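Data file: model.txt. Format and content: compact mmCIF, C-alpha atoms.
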```
# COMPACT_ATOMS: atom_id res chain seq x y z
CA MET A 1 0.00 0.00 0.00
CA THR A 2 1.29 3.43 -0.87
CA VAL A 3 0.98 6.26 1.57
CA ILE A 4 1.43 9.71 0.11
CA ARG A 5 3.33 11.95 2.47
CA THR A 6 1.98 15.40 3.00
CA THR A 7 3.82 18.43 1.65
CA VAL A 8 1.32 20.79 3.24
CA PRO A 9 2.99 22.78 6.01
CA ALA A 10 2.03 21.00 9.16
CA GLY A 11 0.92 22.72 12.33
CA PRO A 12 2.61 21.89 15.62
CA ARG A 13 0.02 19.21 16.46
CA ALA A 14 -0.36 17.74 12.96
CA ARG A 15 0.08 13.98 12.56
CA PRO A 16 1.79 12.28 9.65
CA ASP A 17 -0.75 10.86 7.17
CA ARG A 18 0.86 7.48 7.51
CA ALA A 19 0.04 7.30 11.24
CA VAL A 20 -3.59 8.25 10.61
CA VAL A 21 -3.96 5.68 7.85
CA ARG A 22 -2.45 3.00 10.09
CA ASP A 23 -4.93 3.74 12.89
CA ALA A 24 -7.84 3.84 10.45
CA LEU A 25 -6.89 0.55 8.79
CA GLY A 26 -6.42 -1.11 12.18
CA VAL A 27 -9.94 -0.22 13.28
CA GLY A 28 -11.47 -0.82 9.84
CA VAL A 29 -10.00 -4.28 9.45
CA SER A 30 -10.48 -5.54 13.00
CA VAL A 31 -14.12 -4.45 13.18
CA GLY A 32 -14.85 -5.11 9.51
CA VAL A 33 -14.32 -8.86 9.80
CA SER A 34 -17.05 -8.96 12.46
CA GLY A 35 -19.50 -8.87 9.57
CA THR A 36 -19.04 -12.65 9.70
CA ALA A 37 -20.81 -12.74 13.06
CA PHE A 38 -23.67 -10.69 11.63
CA GLY A 39 -24.03 -12.95 8.60
CA VAL A 40 -24.13 -16.01 10.84
CA ALA A 41 -26.63 -14.45 13.25
CA ALA A 42 -28.87 -13.33 10.38
CA ALA A 43 -28.93 -16.84 8.98
CA ALA A 44 -29.81 -18.12 12.45
CA ALA A 45 -32.67 -15.61 12.50
CA HIS A 46 -33.94 -17.11 9.22
CA LEU A 47 -33.20 -14.10 7.03
CA THR A 48 -32.34 -14.84 3.41
CA ALA A 49 -28.90 -13.99 2.02
CA PRO A 50 -30.25 -11.01 0.00
CA GLN A 51 -32.04 -9.62 3.07
CA THR A 52 -28.90 -10.03 5.17
CA CYS A 53 -26.66 -8.36 2.60
CA ALA A 54 -29.19 -5.55 2.08
CA LEU A 55 -28.97 -4.81 5.81
CA SER A 56 -25.17 -4.55 5.81
CA LEU A 57 -25.13 -2.51 2.59
CA LEU A 58 -27.94 -0.10 3.48
CA VAL A 59 -28.17 0.06 7.28
CA PHE A 60 -24.42 -0.26 7.96
CA THR A 61 -24.50 0.23 11.72
CA GLY A 62 -23.88 -3.05 13.51
CA ALA A 63 -25.89 -2.77 16.71
CA SER A 64 -29.05 -1.74 14.83
CA GLN A 65 -28.63 -4.62 12.40
CA PHE A 66 -28.28 -7.17 15.21
CA ALA A 67 -31.22 -5.64 17.08
CA LEU A 68 -33.47 -5.86 14.03
CA ILE A 69 -32.75 -9.50 13.20
CA GLY A 70 -33.05 -10.47 16.88
CA ALA A 71 -36.47 -8.85 17.16
CA LEU A 72 -37.66 -10.41 13.91
CA ALA A 73 -36.44 -13.84 15.03
CA ALA A 74 -38.37 -13.41 18.29
CA GLY A 75 -41.53 -12.80 16.28
CA ALA A 76 -41.76 -9.05 16.81
CA ALA A 77 -44.05 -6.98 14.61
CA PRO A 78 -41.96 -5.26 11.92
CA ILE A 79 -42.77 -1.81 13.29
CA ALA A 80 -41.55 -2.74 16.80
CA ALA A 81 -38.42 -4.36 15.37
CA VAL A 82 -37.64 -1.28 13.29
CA ALA A 83 -38.26 1.05 16.24
CA GLY A 84 -35.78 -0.86 18.40
CA ALA A 85 -33.14 -0.74 15.68
CA LEU A 86 -33.65 2.99 15.12
CA PHE A 87 -33.41 3.77 18.84
CA LEU A 88 -29.91 2.33 18.70
CA GLY A 89 -29.21 4.44 15.61
CA VAL A 90 -29.97 7.75 17.33
CA ARG A 91 -26.38 8.02 18.53
CA ASN A 92 -25.16 8.19 14.92
CA CYS A 93 -27.13 11.43 14.61
CA LEU A 94 -25.11 12.95 17.44
CA TYR A 95 -21.86 11.69 15.97
CA GLY A 96 -22.83 13.49 12.77
CA LEU A 97 -23.22 16.76 14.65
CA ARG A 98 -19.70 16.53 15.99
CA LEU A 99 -18.16 15.12 12.84
CA GLY A 100 -19.82 17.68 10.58
CA ARG A 101 -18.07 20.51 12.35
CA ARG A 102 -14.70 18.75 12.24
CA LEU A 103 -14.83 17.42 8.69
CA GLU A 104 -16.34 20.48 6.97
CA LEU A 105 -17.00 18.44 3.84
CA PRO A 106 -18.37 20.04 0.67
CA ARG A 107 -22.17 19.85 0.45
CA ALA A 108 -22.03 17.44 -2.48
CA LEU A 109 -20.17 14.85 -0.39
CA ARG A 110 -22.60 14.95 2.53
CA PRO A 111 -25.08 12.30 1.28
CA LEU A 112 -22.21 9.86 0.65
CA SER A 113 -20.32 10.59 3.85
CA ALA A 114 -23.51 10.21 5.92
CA GLN A 115 -23.54 6.45 5.40
CA PHE A 116 -20.13 6.23 7.09
CA VAL A 117 -21.16 8.12 10.25
CA ILE A 118 -20.89 5.29 12.80
CA ASP A 119 -19.11 4.37 16.04
CA GLU A 120 -15.78 3.46 14.50
CA THR A 121 -15.34 6.35 12.05
CA THR A 122 -16.28 8.78 14.83
CA ALA A 123 -13.82 7.17 17.21
CA VAL A 124 -10.94 7.44 14.75
CA SER A 125 -11.81 10.88 13.37
CA MET A 126 -12.51 12.69 16.62
CA VAL A 127 -9.10 11.96 18.11
CA GLN A 128 -7.24 13.53 15.16
CA PRO A 129 -5.67 16.92 15.81
CA ASP A 130 -6.39 18.71 12.50
CA ARG A 131 -8.89 18.70 9.65
CA ARG A 132 -6.69 16.91 7.15
CA SER A 133 -6.06 13.93 9.42
CA THR A 134 -9.71 13.98 10.57
CA ARG A 135 -10.78 13.58 6.94
CA ILE A 136 -8.21 10.87 6.20
CA GLY A 137 -9.24 8.99 9.33
CA PHE A 138 -12.91 9.25 8.45
CA TRP A 139 -12.66 8.10 4.84
CA VAL A 140 -10.07 5.36 5.31
CA THR A 141 -11.92 3.87 8.30
CA GLY A 142 -15.30 4.21 6.59
CA ILE A 143 -14.33 2.68 3.27
CA THR A 144 -12.24 -0.16 4.75
CA LEU A 145 -14.99 -1.03 7.20
CA TYR A 146 -17.75 -0.83 4.58
CA VAL A 147 -15.98 -3.13 2.14
CA LEU A 148 -14.95 -5.70 4.76
CA TRP A 149 -18.21 -5.62 6.73
CA ASN A 150 -20.19 -6.37 3.58
CA ALA A 151 -17.81 -8.99 2.25
CA THR A 152 -17.72 -10.89 5.55
CA THR A 153 -21.50 -10.54 5.99
CA LEU A 154 -21.90 -12.43 2.72
CA LEU A 155 -19.37 -15.08 3.80
CA GLY A 156 -21.10 -15.50 7.17
CA VAL A 157 -24.62 -15.86 5.83
CA LEU A 158 -23.60 -18.29 3.09
CA GLY A 159 -21.40 -20.30 5.45
CA ALA A 160 -24.09 -20.57 8.13
CA GLY A 161 -26.75 -21.32 5.52
CA ALA A 162 -24.71 -24.27 4.30
CA LEU A 163 -24.74 -25.78 7.80
CA GLY A 164 -28.52 -26.19 7.92
CA ASP A 165 -30.54 -25.62 11.10
CA PRO A 166 -28.62 -22.91 12.98
CA GLY A 167 -30.18 -23.71 16.36
CA ARG A 168 -28.54 -27.12 16.33
CA TYR A 169 -25.06 -25.60 16.30
CA GLY A 170 -25.53 -22.84 18.86
CA LEU A 171 -25.49 -20.07 16.27
CA ASP A 172 -28.51 -18.50 17.96
CA ALA A 173 -26.17 -17.60 20.84
CA ALA A 174 -24.18 -15.28 18.54
CA GLY A 175 -26.67 -12.41 18.89
CA PRO A 176 -26.69 -12.11 22.69
CA ALA A 177 -22.90 -12.59 22.79
CA VAL A 178 -22.51 -9.65 20.39
CA PHE A 179 -24.69 -7.42 22.57
CA LEU A 180 -22.79 -8.45 25.68
CA ALA A 181 -19.46 -7.67 24.01
CA LEU A 182 -20.74 -4.24 22.94
CA LEU A 183 -22.12 -3.57 26.41
CA ALA A 184 -19.17 -4.74 28.52
CA PRO A 185 -16.91 -1.68 28.22
CA ARG A 186 -19.81 0.53 29.30
CA LEU A 187 -20.37 -1.57 32.42
CA ARG A 188 -16.68 -1.43 33.18
CA ALA A 189 -16.52 2.39 33.04
CA ALA A 190 -15.13 3.97 36.18
CA GLY A 191 -16.65 6.49 38.56
CA ALA A 192 -20.12 8.02 38.56
CA GLU A 193 -20.49 7.42 34.83
CA GLY A 194 -19.91 3.70 35.29
CA ALA A 195 -22.29 3.41 38.26
CA GLU A 196 -24.97 5.15 36.21
CA GLN A 197 -24.52 2.90 33.21
CA ARG A 198 -24.59 -0.25 35.35
CA ALA A 199 -27.85 0.92 36.94
CA VAL A 200 -29.37 1.64 33.54
CA ALA A 201 -28.26 -1.78 32.25
CA ALA A 202 -29.74 -3.56 35.24
CA GLY A 203 -32.97 -1.62 34.81
CA GLY A 204 -33.06 -2.57 31.14
CA VAL A 205 -32.69 -6.27 31.97
CA LEU A 206 -35.46 -6.16 34.61
CA LEU A 207 -37.84 -4.27 32.33
CA VAL A 208 -37.32 -6.56 29.34
CA LEU A 209 -37.71 -9.77 31.35
CA ALA A 210 -40.83 -8.49 33.12
CA GLY A 211 -42.19 -7.13 29.84
CA THR A 212 -41.63 -10.44 28.04
CA LEU A 213 -44.13 -12.11 30.37
CA PHE A 214 -47.08 -10.03 29.17
CA LEU A 215 -46.19 -7.74 26.24
CA PRO A 216 -46.08 -8.65 22.54
CA ALA A 217 -42.65 -9.57 21.09
CA GLY A 218 -40.42 -6.61 20.31
CA VAL A 219 -42.21 -4.23 22.67
CA PRO A 220 -40.33 -5.23 25.88
CA VAL A 221 -37.04 -4.07 24.33
CA LEU A 222 -38.56 -0.67 23.61
CA LEU A 223 -39.92 -0.52 27.16
CA ALA A 224 -36.35 -1.10 28.40
CA VAL A 225 -35.36 2.37 27.17
CA ALA A 226 -37.31 3.68 30.14
CA ALA A 227 -34.43 2.39 32.28
CA VAL A 228 -32.56 5.54 31.24
CA ALA A 229 -34.65 7.17 33.96
CA ALA A 230 -32.66 5.13 36.49
CA ALA A 231 -29.56 7.25 35.81
CA PRO A 232 -30.69 10.46 37.57
CA LEU A 233 -31.81 8.37 40.52
CA VAL A 234 -28.36 6.86 40.87
CA ALA A 235 -26.78 10.27 40.50
CA ARG A 236 -29.04 11.69 43.21
CA LEU A 237 -28.24 8.80 45.55
CA ARG A 238 -24.54 9.35 45.02
CA ASP A 239 -24.86 13.06 45.53
CA ALA A 240 -26.74 12.46 48.74
CA ARG A 241 -24.06 10.09 49.99
CA ALA A 242 -21.02 12.12 49.01
CA ALA A 243 -21.28 15.66 47.70
CA LYS A 244 -19.28 14.74 44.63
CA PRO A 245 -19.99 16.27 41.21
CA ALA A 246 -21.08 13.82 38.47
CA ALA A 247 -18.18 13.00 36.16
CA GLY A 248 -17.94 14.39 32.67
CA ALA A 249 -20.70 12.97 30.46
CA ASP A 250 -20.63 16.30 28.67
CA ARG A 251 -16.91 16.63 28.12
CA PRO A 252 -16.10 17.30 24.47
CA ASP A 253 -14.27 14.00 24.06
CA ALA A 254 -16.97 11.97 25.78
CA VAL A 255 -18.55 10.71 22.57
CA ALA A 256 -15.31 9.61 20.96
CA ARG A 257 -14.14 7.98 24.17
CA HIS A 258 -17.42 6.25 24.68
CA VAL A 259 -17.63 4.81 21.17
CA VAL A 260 -14.08 3.57 21.36
CA GLU A 261 -14.97 1.70 24.50
CA GLN A 262 -18.33 0.58 23.23
CA ASP A 263 -16.92 -1.37 20.34
CA ALA A 264 -13.89 -2.58 22.23
CA VAL A 265 -11.48 -0.97 19.79
CA PRO A 266 -8.45 0.63 21.39
CA ARG A 267 -8.24 4.34 20.80
CA PRO A 268 -5.59 4.80 18.13
CA GLY A 269 -2.18 5.25 19.66
CA GLU A 270 -3.12 5.52 23.30
CA GLY A 271 -6.11 3.31 24.02
CA ALA A 272 -4.43 0.34 25.60
CA ASP A 273 -2.70 2.26 28.34
CA GLU A 274 -5.69 4.33 29.25
CA ARG A 275 -8.01 1.34 29.35
CA GLY A 276 -5.51 -0.55 31.43
CA ALA A 277 -5.27 2.31 33.86
CA ALA A 278 -9.02 2.69 34.07
CA ARG A 279 -9.44 -0.94 35.00
CA MET B 280 -43.33 -7.49 -0.30
CA SER B 281 -42.77 -9.59 2.80
CA ALA B 282 -42.82 -8.14 6.31
CA VAL B 283 -39.10 -8.88 6.67
CA TRP B 284 -38.23 -6.86 3.56
CA LEU B 285 -40.37 -4.00 4.84
CA ALA B 286 -38.50 -4.07 8.15
CA VAL B 287 -35.14 -4.21 6.34
CA LEU B 288 -35.96 -1.24 4.13
CA GLY B 289 -37.60 0.73 6.95
CA THR B 290 -34.49 0.32 9.09
CA ALA B 291 -32.26 1.24 6.15
CA VAL B 292 -34.14 4.48 5.42
CA GLY B 293 -34.45 5.43 9.10
CA SER B 294 -30.79 4.71 9.89
CA TYR B 295 -29.59 6.70 6.90
CA LEU B 296 -31.81 9.68 7.70
CA LEU B 297 -30.56 9.72 11.31
CA LYS B 298 -26.97 9.81 10.06
CA LEU B 299 -27.70 12.50 7.46
CA LEU B 300 -29.68 14.59 9.95
CA GLY B 301 -26.69 14.86 12.27
CA LEU B 302 -24.47 16.10 9.46
CA SER B 303 -27.08 18.53 8.16
CA VAL B 304 -28.75 20.35 11.04
CA PRO B 305 -27.13 23.26 12.90
CA ALA B 306 -25.35 21.93 15.95
CA SER B 307 -27.45 23.93 18.41
CA VAL B 308 -30.61 21.98 17.56
CA LEU B 309 -29.48 18.67 19.02
CA ASP B 310 -26.40 19.56 21.01
CA ARG B 311 -28.14 19.74 24.38
CA PRO B 312 -27.27 17.91 27.59
CA VAL B 313 -30.61 16.06 27.69
CA VAL B 314 -30.22 14.73 24.15
CA GLN B 315 -26.57 13.90 24.75
CA ARG B 316 -27.39 11.92 27.86
CA PHE B 317 -30.19 10.04 26.17
CA ALA B 318 -27.90 9.11 23.28
CA LEU B 319 -25.26 7.93 25.75
CA LEU B 320 -27.55 5.92 28.03
CA ALA B 321 -30.27 4.56 25.72
CA PRO B 322 -27.86 2.15 24.00
CA VAL B 323 -26.82 0.81 27.42
CA ALA B 324 -30.44 0.02 28.32
CA LEU B 325 -31.11 -1.45 24.88
CA LEU B 326 -27.97 -3.58 24.69
CA ALA B 327 -28.59 -4.99 28.18
CA ALA B 328 -32.23 -5.68 27.31
CA LEU B 329 -31.33 -7.34 24.01
CA THR B 330 -28.72 -9.52 25.71
CA ALA B 331 -31.23 -10.70 28.32
CA GLN B 332 -34.11 -11.11 25.89
CA GLN B 333 -32.15 -13.13 23.36
CA THR B 334 -30.67 -15.33 26.08
CA PHE B 335 -33.80 -16.09 28.11
CA GLY B 336 -36.61 -15.41 25.64
CA GLY B 337 -38.61 -18.49 24.68
CA SER B 338 -41.56 -18.77 22.36
CA GLY B 339 -44.41 -16.41 23.18
CA HIS B 340 -44.31 -14.98 26.69
CA ALA B 341 -42.11 -17.68 28.19
CA LEU B 342 -38.71 -17.17 29.79
CA VAL B 343 -36.48 -20.21 29.49
CA LEU B 344 -33.13 -21.32 30.86
CA ASP B 345 -31.38 -23.40 28.22
CA ALA B 346 -28.03 -23.95 26.49
CA ARG B 347 -27.90 -20.30 25.39
CA ALA B 348 -27.47 -19.22 29.04
CA ALA B 349 -24.39 -21.43 29.35
CA GLY B 350 -23.05 -20.02 26.09
CA LEU B 351 -23.60 -16.50 27.33
CA ALA B 352 -21.97 -17.21 30.68
CA ALA B 353 -18.90 -18.44 28.81
CA ALA B 354 -19.00 -15.35 26.61
CA GLY B 355 -19.20 -13.25 29.77
CA ILE B 356 -15.99 -14.81 31.07
CA ALA B 357 -14.34 -14.19 27.69
CA VAL B 358 -15.45 -10.54 27.76
CA TRP B 359 -14.16 -10.19 31.30
CA ARG B 360 -10.80 -11.61 30.15
CA ARG B 361 -10.88 -9.01 27.34
CA ALA B 362 -10.96 -11.54 24.52
CA PRO B 363 -11.36 -10.09 21.00
CA PHE B 364 -14.89 -9.56 19.71
CA LEU B 365 -15.02 -12.52 17.33
CA VAL B 366 -13.51 -14.86 19.94
CA VAL B 367 -16.29 -13.92 22.36
CA VAL B 368 -18.95 -14.71 19.77
CA LEU B 369 -17.27 -17.97 18.80
CA ILE B 370 -17.05 -19.12 22.43
CA ALA B 371 -20.77 -18.45 22.91
CA ILE B 372 -21.59 -20.52 19.82
CA VAL B 373 -19.29 -23.43 20.70
CA VAL B 374 -20.38 -23.69 24.35
CA THR B 375 -24.07 -23.47 23.42
CA ALA B 376 -23.63 -26.16 20.77
CA GLY B 377 -21.63 -28.28 23.22
CA CYS B 378 -24.39 -28.11 25.83
CA ARG B 379 -26.97 -29.14 23.27
CA ILE B 380 -24.89 -32.11 22.16
CA LEU B 381 -24.36 -33.19 25.80
CA GLY B 382 -28.08 -32.69 26.44
CA THR B 383 -29.05 -35.09 23.68
CA CYS B 384 -26.38 -37.67 24.64
CA VAL B 385 -26.92 -37.77 28.41
```
Is it possible to give me this structure as structure tokens?
Amino acid sequence: MTVIRTTVPAGPRARPDRAVVRDALGVGVSVGVSGTAFGVAAAAAHLTAPQTCALSLLVFTGASQFALIGALAAGAAPIAAVAGALFLGVRNCLYGLRLGRRLELPRALRPLSAQFVIDETTAVSMVQPDRRSTRIGFWVTGITLYVLWNATTLLGVLGAGALGDPGRYGLDAAGPAVFLALLAPRLRAAGAEGAEQRAVAAGGVLLVLAGTLFLPAGVPVLLAVAAVAAAPLVARLRDARAAKPAAGADRPDAVARHVVEQDAVPRPGEGADERGAAR
Amino acid sequence: MSAVWLAVLGTAVGSYLLKLLGLSVPASVLDRPVVQRFALLAPVALLAALTAQQTFGGSGHALVLDARAAGLAAAGIAVWRRAPFLVVVLIAIVVTAGCRILGTCV
């Protein structure tokens, strides 16, 4: 692979293009191959190969894709299944807000770039010091991830389809394992933020299990969003116990940090140390 | 068009519009603490709920404890040991399948 070195005068905090491309490829490749897991899970949920590939090509945001096929497999009404998937997609909207200001792309490129506004591209782009490296990080991560995610989705769905009944092989356990892996870094978060997220997660589990007993399929997951209300309660309890201010959910880097953790991808260049320290 | 295709296309359109909206609207419209907190915490509630529902959900309104729970417990250990994403998923699949095989043999 050829990396063109910049001849543009670099500011004091500018990064070499090569370093940005390396970070972007690292995230793009390591997350991109997870399309295999989606293809397998979709086959287990009895989606056809064209339906599965359409999801990866058009939706292209992993958590929403997994949520949709899980709800459909559980017999949810399409509208409830779609609502659950879109709830998970709301965060991409907020990433777009932050990315838009950093990327400053020409209007004509907006519709194309929008498809790439996801956890991983945000994580890589937002930690870059200048616009040039932000753009390189965004496009290289986005394109690498898009190509690999779709290629491995196809491999996964065809491979799982060839095996026959997915339930017999335990492939139906892929979905919950994916959600657990996405959730884990949030549960592990330190301080007030972590306590809040653990409370919200516990509330979500209680609500969905209780809801399953009497609500139609797909609806309990939507009900679980109400667990977000548990967060202020936890914060108030903490405040009452120790007059400590709640830690930085609104810090400028909170989104980038949180998405890096959410998808278990080390932040380029520094992630491993910080995560180790936070443990 | 089947219900599944409708759901696929509905999710595709909705997801894309959410992404485009963020890039297109003035920052002040959505850049508020309440919205930020919802976007941070809603996925936590949803991911936890989806994990529980797809592990313990049976047919209809039933909750069941079966091989998937063992698979998920193993995946939980793998996550705790910071195993890579695909390894976690693979462990869940293998342990679940193993339990089913043992269940039919014993």
Note to self: Let me make sure I understand: among A:Gly137, A:Pro176, A:Pro216, A:Pro50, which one has the smallest atom-to-atom distance to chain B if we use all atoms listed in the file?
What the structure shows: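 Of A:Gly137, A:Pro176, A:Pro216, A:Pro50, the one nearest chain B, counting all atoms listed in the file, is A:Pro176.
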Next item on the list: Using only C-alpha atoms, find the one residue out of A:Gly32, A:Thr121, A:Asn92, A:Arg98 that sits nearest to B:Asp310.
Entry: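 Smallest distance to B:Asp310 is found for A:Arg98.
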Checklist line | 7 Å contacts from chain A to chain B using only C-alpha atoms, as number ranges by chain | finding: A: 34, 51, 55, 58-59, 78, 82, 85-86, 88-97, 100, 111, 114-115, 117, 168-171, 173-174, 176-181, 183-184, 197, 200-201, 204-205, 208-209, 212-214, 221, 224-225, 227-228, 250
Next item on the list: Determine, counting only C-alpha atoms, which protein, DNA and RNA residues have an atom within 8 Å of an atom of stretch 138-144 of chain A; residues of the same chain fewer than 3 positions away are not included. Present the result as a list in words.
Entry: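 My reading of the contact set: Val21, Ala24, Leu25, Val27, Gly28, Val29, Gly32, Phe116, Val117, Glu120, Thr121, Thr122, Val124, Ser125, Thr134, Arg135, Val147 and Leu148 of chain A.
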Notebook entry, point to check: Just how far from atom CA of A:Ala37 is atom CA of A:Gln65, in Å to one decimal?
Noted result: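 The value is 11.3 Å.
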Notebook entry, point to check: When distances are computed from all atoms listed in the file, which of A:Ile118, A:Ala83, A:Arg198, A:Gly156 shows the smallest separation from A:Gly218?
Noted result: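 Closest candidate: A:Ala83.
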Next item on the list: Provide the atom CA of A:Val234 to atom CA of A:Gly84 distance in Å, to one decimal place.
Entry: 24.9 Å
Note to self: Report, in Å to a single decimal, how far apart atom CA of A:Ala81 and atom CA of A:Leu68 are.
What the structure shows: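 For atom CA of A:Leu68 relative to atom CA of A:Ala81, the distance reads 5.3 Å.
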Kindly list the centre and edge lengths in Å, rounded to one decimal, for the axis-aligned box that covers all listed atoms of stretch 233-244 of chain A plus 5 Å on each of its six sides, as lines of an AutoDock Vina configuration file.
```
center_x = -25.5
center_y = 11.3
center_z = 45.2
size_x = 22.5
size_y = 18.8
size_z = 19.5
```
Dump stretch 86-97 of chain A with N, CA and C atoms to a file, as a compact mmCIF listing (two decimals), in the first residue's frame.
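Ended up saving to out_17.txt:
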```txt
# COMPACT_ATOMS: atom_id res chain seq x y z
N LEU A 86 -33.88 1.56 15.32
CA LEU A 86 -33.65 2.99 15.12
C LEU A 86 -33.27 3.70 16.43
N PHE A 87 -33.82 3.21 17.55
CA PHE A 87 -33.41 3.77 18.84
C PHE A 87 -31.89 3.66 19.00
N LEU A 88 -31.36 2.51 18.60
CA LEU A 88 -29.91 2.33 18.70
C LEU A 88 -29.17 3.22 17.71
N GLY A 89 -29.86 3.62 16.63
CA GLY A 89 -29.21 4.44 15.61
C GLY A 89 -29.17 5.92 15.94
N VAL A 90 -29.90 6.32 16.99
CA VAL A 90 -29.97 7.75 17.33
C VAL A 90 -28.58 8.32 17.63
N ARG A 91 -27.70 7.48 18.18
CA ARG A 91 -26.38 8.02 18.53
C ARG A 91 -25.61 8.45 17.28
N ASN A 92 -25.86 7.79 16.14
CA ASN A 92 -25.16 8.19 14.92
C ASN A 92 -25.49 9.63 14.55
N CYS A 93 -26.70 10.05 14.88
CA CYS A 93 -27.13 11.43 14.61
C CYS A 93 -26.24 12.41 15.37
N LEU A 94 -25.95 12.06 16.63
CA LEU A 94 -25.11 12.95 17.44
C LEU A 94 -23.65 12.91 16.99
N TYR A 95 -23.23 11.74 16.53
CA TYR A 95 -21.86 11.69 15.97
C TYR A 95 -21.77 12.63 14.78
N GLY A 96 -22.83 12.64 13.96
CA GLY A 96 -22.83 13.49 12.77
C GLY A 96 -22.66 14.95 13.13
N LEU A 97 -23.33 15.36 14.20
CA LEU A 97 -23.22 16.76 14.65
C LEU A 97 -21.77 17.13 14.91
```
